[in-house]
Amino acid sequence: MAEVLVYVDHVDGAVRKPTLELLTLARRVGEPVAVALGAGAGDTVAALAEHGAVKVLTHEAAEYADYLVVPKVDALQAAVEAVSAEGSLAAVLVPSSAEGKEIAARLALRLGSGVITDAVDLEAGDEGPVATQSVFAAAFTTKSRVSKGTPVITVKPNSAAVEAAPAAGAVEALSVTFSAAATGTKVTSRTPRESTGRPELTEAAIVVSGGRGVNGAENFAIVEALADSLGAAVGASRAAVDAGWYPHTNQVGQTGKSVSPQLYIASGISGAIQHRAGMQTSKTIVAINKDAEAPIFELVDYGVVGDLFDVVPQLTEEVKSRKG
Amino acid sequence: MSLRIVVTVKYVPDATGDRHFADDLTVDRDDVDGLLSELDEYAVEQALQISENSDDDVEVTVLTVGPEDAKDALRKALSMGADKAIHVEDDDLHGTDAIGTSLVLAKAVEKAGYDLVVSGMASTDGTMGVVPALLAERLGVPQVTLLSEVSVEGGVVKGRRDGDSATEQLEASLPAVVSVTDQSGEARYPSFKGIMAAKKKPVQSWDLSDLEIDEDEVGLENAYTVVESAAERPARTAGTIVKDEGEGGKQLAAFLAERKFV
């Protein structure tokens, strides 16, 4: 059976959820071989094996943290060459983060391959893996495949379920020779984002977002309180971010994060195209807005026309009391 | 010292219009008004700011690859303040994918001569966000991408990249490829004077032969990916909408409980 390379996104050895989802998709196309790079790479093995990695190629070097993107491209290229030398390679899958897409694109160019980004599903096909994408602000769904070279595909978070599928997880040290370009862009400092204790926005099962109607940074406390009652992540519309009420890292929309949770709660968000682009594929959508004509109500499974300052706190209390 | 900046821009269908696909599953450009991609306005703005803050002799060239109408995008960038423009246009380019587009841009940037390429973070139609990285790979120069802050001094470009899990400060020597986000600073509106001046600024037109690119390296037939189908997402079935009469929050909680979220 052909092998599928899966690029591992991890923080000091802790594998992030989208990588485990990739392993689920990889198993539909071939035998997953994971590639873990940088500090803590060796600590990823148990989680990867538990979710289906037949082999884990690891390489630790300071370059992965000290320089942008290119060292990781060099390593992934080395992994492609190593796997191709021994057998056949069906695809390379990479999580669809900003960095993941850049790594995938440069790798594809080096391999003479096509690249597909932001897939939301992946199936085996007669002529190689077929990727589903959601385009034009999620108004259309397309199915595409790579027609030249080894397919390189990036996949969005929440595109597949995490499944336990114990496999060997045999560890092999990857041999990497860095290219001259590897040290081109130096990372002179790195400040990790402070943890809010809430789930990662793109990975969360429930997202509660606030928009223009929240009307002030201090009022986001009521959005956060609802999120915490549900164990949800907090999002914000571009209007709220541009007004300086909430950090850009929490922006949902075309120029922010694209989310696809089980439940999306929009409070005080009108639902402009820019916002819809980032949340339209959510499974269940709920909105609270004063304006009965707001376009967000065209998308909802349940909507409340009313003042969010009345509705949201009442909802939070009710959720808390129901959870007891 | 002189500093040659090339800004890559894309002419896209208006994102607020009713975008759809043509019969060959490429983006339909005929039925929706086109414009300079909003995210590229930030790239033009940062190039102009670098120019204004520099003691060097800076020239800002705006470059696009696209059909005849794409000149509108160039004109907008010129009216914002760019010095000159290059339009790569060729019938054989129809349907070119990101890999092919990066080839055309790389050849055009090299022919134009450059010290710094500035791009937007992504286009508002394709939204892949990979062309700046591809361009850096092709040109063999540093990639300094997704910057929310950028500065150039003494042949070095520095910037702040707000990543998913950390904020990074980046640094590279010129020549380099930079991309900037919508957090980099509001783009200026063209002034009346700028609009009038733009009419006199030079717009060069190049085709594939000017760039020594073979027709079998670009276009829909030679793309590295194939779109097999495109289907309009079914409209969401109309949901329940209630007016809050004092119990809206409780009603919503009951709905969430029914769907097993609580």
# chains A, B, ... in the order shown; residues from 1 in each chain; ligands from 1
>>> residues_around(residues="Ala164 (chain A)", least_positions_apart="5", cutoff="9 Å", atoms="only C-alpha atoms", output="list in words")
Thr24, Glu50, His51 and Gly52 of chain A
>>> write_last_selection(atoms="N, CA and C atoms", output="compact mmCIF listing (two decimals), in the first residue's frame")
# COMPACT_ATOMS: atom_id res chain seq x y z
N THR A 24 -6.64 10.64 10.39
CA THR A 24 -7.90 9.99 10.01
C THR A 24 -8.08 10.02 8.49
N GLU A 50 -0.88 6.08 18.26
CA GLU A 50 -2.22 5.80 18.77
C GLU A 50 -3.30 6.12 17.71
N HIS A 51 -2.99 7.10 16.84
CA HIS A 51 -3.97 7.53 15.85
C HIS A 51 -3.64 7.09 14.43
N GLY A 52 -2.74 6.13 14.29
CA GLY A 52 -2.60 5.50 12.98
C GLY A 52 -1.28 5.66 12.26
>>> interface_residues(of="chain A", to="chain B", cutoff="7 Å", atoms="only C-alpha atoms", output="MDAnalysis selection string")
chainID A and resid 101:102 105:106 109 113:114 117 136 139:148 181 184:193 273 298:306 311:312 314:315 318:319 323
>>> select_by_dssp(residues="region 211-248 of chain B", states="strand (DSSP E)", output="JSON, numbers by chain")
{"B": [225, 226, 227, 228, 229, 230, 231, 232, 240, 241, 242, 243]}
>>> write_last_selection(atoms="C-alpha atoms", output="tab-separated table (two decimals), in the first residue's frame")
chain	number	residue	atom	x	y	z
B	225	THR	CA	-4.60	20.90	-10.26
B	226	VAL	CA	-7.99	20.05	-11.77
B	227	VAL	CA	-11.36	21.23	-10.47
B	228	GLU	CA	-13.66	18.30	-11.16
B	229	SER	CA	-16.91	19.84	-9.97
B	230	ALA	CA	-18.32	22.98	-8.40
B	231	ALA	CA	-21.73	23.04	-6.78
B	232	GLU	CA	-23.60	25.88	-5.16
B	240	THR	CA	-36.76	29.43	13.83
B	241	ILE	CA	-36.66	33.13	14.60
B	242	VAL	CA	-38.21	34.47	17.79
B	243	LYS	CA	-38.56	37.97	19.11
>>> closest_residue(among="B:Leu147, B:Ala85, B:Ala47, B:Leu63", to="Lys200 (chain B)", atoms="only C-alpha atoms")
B:Ala85
>>> select_by_dssp(residues="region 87-247 of chain B", states="alpha helix (DSSP H)", output="PyMOL selection string")
chain B and resi 98-112+131-139+192-198
>>> closest_atom_pairs(of="region 10-128 of chain B", to="region 188-196 of chain B", cutoff="7 Å", atoms="only C-alpha atoms", output="Markdown table")
| residue | atom | partner | partner_atom | distance |
| --- | --- | --- | --- | --- |
| B:Glu45 | CA | B:Arg188 | CA | 6.7 |
| B:Ser79 | CA | B:Ile195 | CA | 4.5 |
| B:Met80 | CA | B:Pro190 | CA | 4.5 |
| B:Gly81 | CA | B:Gly194 | CA | 6.5 |
>>> closest_residue(among="B:Gly95, B:Gly155, B:Pro13, B:Pro202", to="Glu38 (chain B)", atoms="only C-alpha atoms")
B:Pro13
>>> residues_around(residues="region 61-66 of chain A", least_positions_apart="3", cutoff="8 Å", atoms="only C-alpha atoms", output="VMD selection string")
chain A and resid 37 to 39 69 71 to 72 182 to 183 186 to 188
>>> residues_around(residues="region 226-236 of chain A", least_positions_apart="3", cutoff="8 Å", atoms="only C-alpha atoms", output="ChimeraX atom specification")
/A:198-201,204-211,222-223,240-241,246,250-252,312-313,315-316,319-320 /B:261-262
>>> atom_distance(atom1="CA of Gly113 (chain B)", atom2="CA of Val152 (chain B)")
17.7 Å
